[in-house]
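Next comes input00.cif, with mmCIF, C-alpha atoms.
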data_entry
loop_
_atom_site.group_PDB
_atom_site.id
_atom_site.type_symbol
_atom_site.label_atom_id
_atom_site.label_comp_id
_atom_site.auth_asym_id
_atom_site.auth_seq_id
_atom_site.Cartn_x
_atom_site.Cartn_y
_atom_site.Cartn_z
ATOM 1 C CA MET J 407 -1.919 33.271 1.036
ATOM 2 C CA SER J 408 -5.242 31.791 2.147
ATOM 3 C CA ARG J 409 -5.627 28.511 4.004
ATOM 4 C CA VAL J 410 -7.291 27.012 0.926
ATOM 5 C CA TYR J 411 -4.380 27.996 -1.316
ATOM 6 C CA LYS J 412 -1.900 26.613 1.220
ATOM 7 C CA GLY J 413 -3.940 23.417 1.177
ATOM 8 C CA VAL J 414 -3.733 23.251 -2.622
ATOM 9 C CA VAL J 415 0.056 23.605 -2.519
ATOM 10 C CA ALA J 416 0.392 21.063 0.301
ATOM 11 C CA GLY J 417 -2.027 18.706 -1.462
ATOM 12 C CA PHE J 418 0.005 18.909 -4.657
ATOM 13 C CA VAL J 419 3.277 18.096 -2.859
ATOM 14 C CA ALA J 420 1.651 15.238 -0.929
ATOM 15 C CA THR J 421 0.102 13.870 -4.124
ATOM 16 C CA VAL J 422 3.499 13.900 -5.822
ATOM 17 C CA ALA J 423 5.022 12.022 -2.872
ATOM 18 C CA VAL J 424 2.325 9.351 -2.919
ATOM 19 C CA SER J 425 2.430 9.154 -6.711
ATOM 20 C CA LEU J 426 6.136 8.357 -6.510
ATOM 21 C CA MET J 427 5.352 5.524 -4.099
ATOM 22 C CA GLU J 428 2.640 4.267 -6.451
ATOM 23 C CA ALA J 429 4.972 4.515 -9.449
ATOM 24 C CA VAL J 430 7.574 2.373 -7.673
ATOM 25 C CA ASN J 431 4.871 -0.156 -6.826
ATOM 26 C CA LEU J 432 3.506 -0.148 -10.375
ATOM 27 C CA LEU J 433 6.833 -0.284 -12.223
ATOM 28 C CA THR J 434 9.030 -2.440 -9.998
ATOM 29 C CA VAL J 435 7.638 -4.470 -7.113
ATOM 30 C CA LYS J 436 4.014 -4.886 -8.326
ATOM 31 C CA TRP J 437 2.868 -6.185 -4.940
ATOM 32 C CA PHE J 438 -0.356 -4.227 -4.816
ATOM 33 C CA ALA J 439 -2.990 -3.075 -7.262
ATOM 34 C CA PRO J 440 -2.104 0.522 -8.226
ATOM 35 C CA PHE J 441 -4.345 3.082 -6.576
ATOM 36 C CA PRO J 442 -4.900 5.074 -9.824
ATOM 37 C CA GLY J 443 -6.046 1.829 -11.429
ATOM 38 C CA ILE J 444 -8.511 1.281 -8.598
ATOM 39 C CA VAL J 445 -9.789 4.852 -8.976
ATOM 40 C CA ALA J 446 -10.239 4.307 -12.725
ATOM 41 C CA ARG J 447 -12.070 1.036 -12.062
ATOM 42 C CA ILE J 448 -14.419 2.607 -9.484
ATOM 43 C CA LEU J 449 -15.263 5.475 -11.847
ATOM 44 C CA ASP J 450 -15.507 3.114 -14.850
ATOM 45 C CA LEU J 451 -12.889 5.093 -16.795
ATOM 46 C CA HIS J 452 -11.143 2.106 -18.459
ATOM 47 C CA SER J 453 -7.777 3.880 -18.458
ATOM 48 C CA LEU J 454 -4.899 3.919 -15.998
ATOM 49 C CA THR J 455 -3.963 7.385 -17.268
ATOM 50 C CA ALA J 456 -7.423 8.689 -16.417
ATOM 51 C CA GLY J 457 -7.015 7.160 -12.962
ATOM 52 C CA TRP J 458 -3.734 9.062 -12.492
ATOM 53 C CA VAL J 459 -5.425 12.310 -13.545
ATOM 54 C CA VAL J 460 -8.350 11.808 -11.155
ATOM 55 C CA HIS J 461 -5.889 10.842 -8.389
ATOM 56 C CA ALA J 462 -3.899 14.060 -8.939
ATOM 57 C CA ILE J 463 -7.001 16.239 -9.089
ATOM 58 C CA ALA J 464 -8.496 14.682 -5.953
ATOM 59 C CA GLY J 465 -5.283 15.038 -3.940
ATOM 60 C CA THR J 466 -4.528 18.562 -5.096
ATOM 61 C CA LEU J 467 -7.879 20.245 -5.642
ATOM 62 C CA ILE J 468 -10.188 18.378 -3.253
ATOM 63 C CA LEU J 469 -8.250 16.934 -0.319
ATOM 64 C CA GLY J 470 -5.666 19.731 -0.122
ATOM 65 C CA PRO J 471 -8.126 22.641 0.181
ATOM 66 C CA LEU J 472 -10.400 20.599 2.449
ATOM 67 C CA PHE J 473 -7.448 20.018 4.768
ATOM 68 C CA GLY J 474 -6.685 23.750 4.721
ATOM 69 C CA ILE J 475 -10.217 24.458 5.881
ATOM 70 C CA LEU J 476 -10.396 21.673 8.482
ATOM 71 C CA CYS J 477 -6.834 21.752 9.847
ATOM 72 C CA PRO J 478 -7.497 24.135 12.775
ATOM 73 C CA ARG J 479 -10.450 21.962 13.846
ATOM 74 C CA LEU J 480 -8.709 18.570 13.715
ATOM 75 C CA PRO J 481 -8.208 16.959 17.134
ATOM 76 C CA THR J 482 -4.430 16.529 17.417
ATOM 77 C CA ASP J 483 -1.519 18.838 18.227
ATOM 78 C CA THR J 484 1.062 18.471 15.454
ATOM 79 C CA PRO J 485 0.381 19.236 11.799
ATOM 80 C CA GLU J 486 1.603 15.800 10.741
ATOM 81 C CA THR J 487 -0.823 13.981 13.033
ATOM 82 C CA LYS J 488 -3.606 16.292 11.872
ATOM 83 C CA GLY J 489 -2.698 15.241 8.329
ATOM 84 C CA ILE J 490 -2.779 11.562 9.273
ATOM 85 C CA VAL J 491 -6.187 11.911 10.942
ATOM 86 C CA PHE J 492 -7.501 13.738 7.881
ATOM 87 C CA ALA J 493 -6.023 11.280 5.359
ATOM 88 C CA VAL J 494 -7.181 8.195 7.267
ATOM 89 C CA GLY J 495 -10.648 9.757 7.335
ATOM 90 C CA ALA J 496 -10.431 10.128 3.550
ATOM 91 C CA TRP J 497 -9.353 6.477 3.340
ATOM 92 C CA VAL J 498 -12.367 5.392 5.418
ATOM 93 C CA ALA J 499 -14.662 7.429 3.159
ATOM 94 C CA MET J 500 -13.070 5.823 0.096
ATOM 95 C CA MET J 501 -13.519 2.326 1.565
ATOM 96 C CA MET J 502 -17.192 3.096 2.202
ATOM 97 C CA VAL J 503 -17.616 4.231 -1.415
ATOM 98 C CA MET J 504 -16.018 0.992 -2.591
ATOM 99 C CA MET J 505 -18.399 -1.028 -0.450
ATOM 100 C CA VAL J 506 -21.443 0.916 -1.649
ATOM 101 C CA THR J 507 -20.471 0.648 -5.314
ATOM 102 C CA GLY J 508 -20.035 -3.083 -4.872
ATOM 103 C CA ASP J 509 -16.537 -3.148 -6.344
ATOM 104 C CA ALA J 510 -15.070 -6.256 -4.763
ATOM 105 C CA PHE J 511 -11.890 -6.051 -6.845
ATOM 106 C CA VAL J 512 -9.823 -4.475 -4.074
ATOM 107 C CA PHE J 513 -11.161 -6.745 -1.357
ATOM 108 C CA GLY J 514 -11.177 -9.930 -3.412
ATOM 109 C CA SER J 515 -7.963 -9.754 -5.428
ATOM 110 C CA ASN J 516 -5.321 -8.875 -2.871
ATOM 111 C CA PHE J 517 -6.389 -7.777 0.594
ATOM 112 C CA ALA J 518 -2.897 -6.372 1.182
ATOM 113 C CA THR J 519 -3.870 -3.650 -1.301
ATOM 114 C CA VAL J 520 -6.253 -2.245 1.322
ATOM 115 C CA GLY J 521 -3.339 -2.005 3.768
ATOM 116 C CA TRP J 522 -1.146 -0.439 1.084
ATOM 117 C CA MET J 523 -3.796 2.208 0.458
ATOM 118 C CA LEU J 524 -3.958 2.928 4.194
ATOM 119 C CA VAL J 525 -0.165 3.339 4.319
ATOM 120 C CA THR J 526 -0.102 5.629 1.277
ATOM 121 C CA HIS J 527 -2.914 7.711 2.751
ATOM 122 C CA ALA J 528 -0.958 8.038 6.010
ATOM 123 C CA VAL J 529 2.117 9.166 4.054
ATOM 124 C CA PHE J 530 -0.094 11.604 2.147
ATOM 125 C CA GLY J 531 -1.316 12.994 5.477
ATOM 126 C CA ILE J 532 2.177 13.354 6.933
ATOM 127 C CA VAL J 533 3.450 15.232 3.882
ATOM 128 C CA LEU J 534 0.238 17.283 3.651
ATOM 129 C CA GLY J 535 0.430 18.386 7.282
ATOM 130 C CA ASN J 536 4.153 19.092 7.176
ATOM 131 C CA VAL J 537 4.027 21.219 4.018
ATOM 132 C CA TYR J 538 0.929 23.057 5.233
ATOM 133 C CA ALA J 539 2.634 23.865 8.560
ATOM 134 C CA ARG J 540 5.763 25.076 6.754
ATOM 135 C CA LEU J 541 3.671 27.402 4.597
ATOM 136 C CA ILE J 542 1.965 28.826 7.689
ATOM 137 C CA ALA J 543 5.315 29.277 9.475
ATOM 138 C CA ARG J 544 6.812 30.978 6.415
ATOM 139 C CA GLU J 545 3.895 33.395 6.255
ATOM 140 C CA LYS J 546 4.225 34.226 9.960
ATOM 141 C CA ARG J 547 7.955 34.899 9.566
ATOM 142 C CA ALA J 548 7.303 37.166 6.582
ATOM 143 C CA HIS J 549 5.092 39.485 8.659
ATOM 144 C CA VAL J 550 7.641 40.156 11.396
ATOM 145 C CA VAL J 551 9.171 43.607 11.063
ATOM 146 C CA VAL J 552 12.401 43.901 13.001
ATOM 147 C CA GLY J 553 13.128 47.260 14.677
ATOM 148 C CA ALA J 554 9.881 48.942 13.658
ATOM 149 C CA GLN J 555 7.616 50.897 15.960
ATOM 150 C CA PRO J 556 3.956 49.939 16.303
ATOM 151 C CA ALA J 557 1.542 52.037 14.249
ATOM 152 C CA HIS J 558 -0.687 52.928 17.194
#

Structure re-expressed in structure tokens:
Amino acid sequence: MSRVYKGVVAGFVATVAVSLMEAVNLLTVKWFAPFPGIVARILDLHSLTAGWVVHAIAGTLILGPLFGILCPRLPTDTPETKGIVFAVGAWVAMMMVMMVTGDAFVFGSNFATVGWMLVTHAVFGIVLGNVYARLIAREKRAHVVVGAQPAH
């Protein structure tokens, strides 16, 4: 399994974890603007469902594989902290896009939403790094042949 494919799998699991957090926020507590709604607003999609789809695609097919490629080069020791560094970097990039597009909704409506997005990105990174590391460890264990002689 390639690093990119491992990243896709880890990105999918991390996206599901964050989506569950967002669903709880959206359906029960309603403290923060839902991230898929913000994504839909930035992309001018006019649909919360479209925001969920873009959120899932970005987490699974963009951020996951990108993490798989960048993980060995990230500056920390544990996979979870590598995931946090990566996800916070994605959050910073997203904040810059929001500033450039001039969408003041997030910053003007409820500033706590910005903090909520940072927390959900950190959770995304922790899950992403942990699942990615487990996939690597599983692959390494699968290649160990017990009691065999070397070929050369």

One-decimal distance in Å that lies between atom CA of Glu486 of chain J and atom CA of Asn536 of chain J:
5.5 Å

Residues returned when the PyMOL selection byres ((chain J and resi 537) around 9) runs on this file, as a short mmCIF file (atom, residue, chain, number, x, y, z; two decimals) with C-alpha atoms, keeping the file's coordinate frame:
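Okay, this is what ended up in result25.cif:
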data_model
loop_
_atom_site.label_atom_id
_atom_site.label_comp_id
_atom_site.auth_asym_id
_atom_site.auth_seq_id
_atom_site.Cartn_x
_atom_site.Cartn_y
_atom_site.Cartn_z
CA LYS J 412 -1.90 26.61 1.22
CA GLY J 413 -3.94 23.42 1.18
CA VAL J 415 0.06 23.60 -2.52
CA ALA J 416 0.39 21.06 0.30
CA GLY J 417 -2.03 18.71 -1.46
CA VAL J 419 3.28 18.10 -2.86
CA ALA J 420 1.65 15.24 -0.93
CA PRO J 485 0.38 19.24 11.80
CA GLU J 486 1.60 15.80 10.74
CA ILE J 532 2.18 13.35 6.93
CA VAL J 533 3.45 15.23 3.88
CA LEU J 534 0.24 17.28 3.65
CA GLY J 535 0.43 18.39 7.28
CA ASN J 536 4.15 19.09 7.18
CA TYR J 538 0.93 23.06 5.23
CA ALA J 539 2.63 23.86 8.56
CA ARG J 540 5.76 25.08 6.75
CA LEU J 541 3.67 27.40 4.60
CA ILE J 542 1.96 28.83 7.69
#

Cut-off 12 Å: closest segment 483-538 of chain J/segment 428-437 of chain J atom pairs per residue, using only C-alpha atoms, as JSON lines:
{"residue": "J:Ser515", "atom": "CA", "partner": "J:Trp437", "partner_atom": "CA", "distance": 11.4}
{"residue": "J:Asn516", "atom": "CA", "partner": "J:Trp437", "partner_atom": "CA", "distance": 8.9}
{"residue": "J:Phe517", "atom": "CA", "partner": "J:Trp437", "partner_atom": "CA", "distance": 10.9}
{"residue": "J:Ala518", "atom": "CA", "partner": "J:Trp437", "partner_atom": "CA", "distance": 8.4}
{"residue": "J:Thr519", "atom": "CA", "partner": "J:Trp437", "partner_atom": "CA", "distance": 8.1}
{"residue": "J:Val520", "atom": "CA", "partner": "J:Trp437", "partner_atom": "CA", "distance": 11.7}
{"residue": "J:Gly521", "atom": "CA", "partner": "J:Trp437", "partner_atom": "CA", "distance": 11.5}
{"residue": "J:Trp522", "atom": "CA", "partner": "J:Trp437", "partner_atom": "CA", "distance": 9.2}
{"residue": "J:Met523", "atom": "CA", "partner": "J:Glu428", "partner_atom": "CA", "distance": 9.7}
{"residue": "J:Val525", "atom": "CA", "partner": "J:Glu428", "partner_atom": "CA", "distance": 11.2}
{"residue": "J:Thr526", "atom": "CA", "partner": "J:Glu428", "partner_atom": "CA", "distance": 8.3}
{"residue": "J:His527", "atom": "CA", "partner": "J:Glu428", "partner_atom": "CA", "distance": 11.3}
{"residue": "J:Val529", "atom": "CA", "partner": "J:Glu428", "partner_atom": "CA", "distance": 11.6}
{"residue": "J:Phe530", "atom": "CA", "partner": "J:Glu428", "partner_atom": "CA", "distance": 11.6}

Can you turn the PyMOL selection byres ((chain J and resi 448) around 12) into a concrete residue list for this file, as a ChimeraX atom specification?
/J:441-447,449-454,456-457,460-461,500-501,503-512

Just C-alpha atoms for this one: save the residues we selected as a PDB file, keeping the file's coordinate frame.
ATOM      1  CA  PHE J 441      -4.345   3.082  -6.576  1.00  0.00           C
ATOM      2  CA  PRO J 442      -4.900   5.074  -9.824  1.00  0.00           C
ATOM      3  CA  GLY J 443      -6.046   1.829 -11.429  1.00  0.00           C
ATOM      4  CA  ILE J 444      -8.511   1.281  -8.598  1.00  0.00           C
ATOM      5  CA  VAL J 445      -9.789   4.852  -8.976  1.00  0.00           C
ATOM      6  CA  ALA J 446     -10.239   4.307 -12.725  1.00  0.00           C
ATOM      7  CA  ARG J 447     -12.070   1.036 -12.062  1.00  0.00           C
ATOM      8  CA  LEU J 449     -15.263   5.475 -11.847  1.00  0.00           C
ATOM      9  CA  ASP J 450     -15.507   3.114 -14.850  1.00  0.00           C
ATOM     10  CA  LEU J 451     -12.889   5.093 -16.795  1.00  0.00           C
ATOM     11  CA  HIS J 452     -11.143   2.106 -18.459  1.00  0.00           C
ATOM     12  CA  SER J 453      -7.777   3.880 -18.458  1.00  0.00           C
ATOM     13  CA  LEU J 454      -4.899   3.919 -15.998  1.00  0.00           C
ATOM     14  CA  ALA J 456      -7.423   8.689 -16.417  1.00  0.00           C
ATOM     15  CA  GLY J 457      -7.015   7.160 -12.962  1.00  0.00           C
ATOM     16  CA  VAL J 460      -8.350  11.808 -11.155  1.00  0.00           C
ATOM     17  CA  HIS J 461      -5.889  10.842  -8.389  1.00  0.00           C
ATOM     18  CA  MET J 500     -13.070   5.823   0.096  1.00  0.00           C
ATOM     19  CA  MET J 501     -13.519   2.326   1.565  1.00  0.00           C
ATOM     20  CA  VAL J 503     -17.616   4.231  -1.415  1.00  0.00           C
ATOM     21  CA  MET J 504     -16.018   0.992  -2.591  1.00  0.00           C
ATOM     22  CA  MET J 505     -18.399  -1.028  -0.450  1.00  0.00           C
ATOM     23  CA  VAL J 506     -21.443   0.916  -1.649  1.00  0.00           C
ATOM     24  CA  THR J 507     -20.471   0.648  -5.314  1.00  0.00           C
ATOM     25  CA  GLY J 508     -20.035  -3.083  -4.872  1.00  0.00           C
ATOM     26  CA  ASP J 509     -16.537  -3.148  -6.344  1.00  0.00           C
ATOM     27  CA  ALA J 510     -15.070  -6.256  -4.763  1.00  0.00           C
ATOM     28  CA  PHE J 511     -11.890  -6.051  -6.845  1.00  0.00           C
ATOM     29  CA  VAL J 512      -9.823  -4.475  -4.074  1.00  0.00           C
TER      30      VAL J 512
END

Spatial neighbours of Lys488 of chain J, 10 Å, all atoms listed in the file, chain gap at least 3 places, as a PyMOL selection string:
chain J and resi 473+476-485+491-494+531-532+534-536

One decimal, Å: what's the distance from atom CA of Val422 of chain J over to atom CA of Gly465 of chain J, could you say?
9.1 Å

Rounded to one decimal, what separation in Å do you get between atom CA of Tyr411 of chain J and atom CA of Gly474 of chain J?
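Value for the atom CA of Tyr411 of chain J-atom CA of Gly474 of chain J distance: 7.7 Å.
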
Using only C-alpha atoms, determine which residues lie at most 7 Å from Thr466 of chain J, disregarding the query and same-chain residues fewer than 6 positions distant; provide the list as a PyMOL selection string.
chain J and resi 414+417-418+421

Out of J:Pro440, J:Ala499, J:Ile475, J:Met427, which residue has the shortest atom-to-atom distance to Arg409 of chain J when counting all atoms listed in the file?
J:Ile475

Restricting the calculation to all atoms listed in the file, which member of J:Ser408, J:Trp497, J:Thr455, J:Ala439 is positioned closest to Pro471 of chain J?
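Closest residue, counting all atoms listed in the file: J:Ser408.
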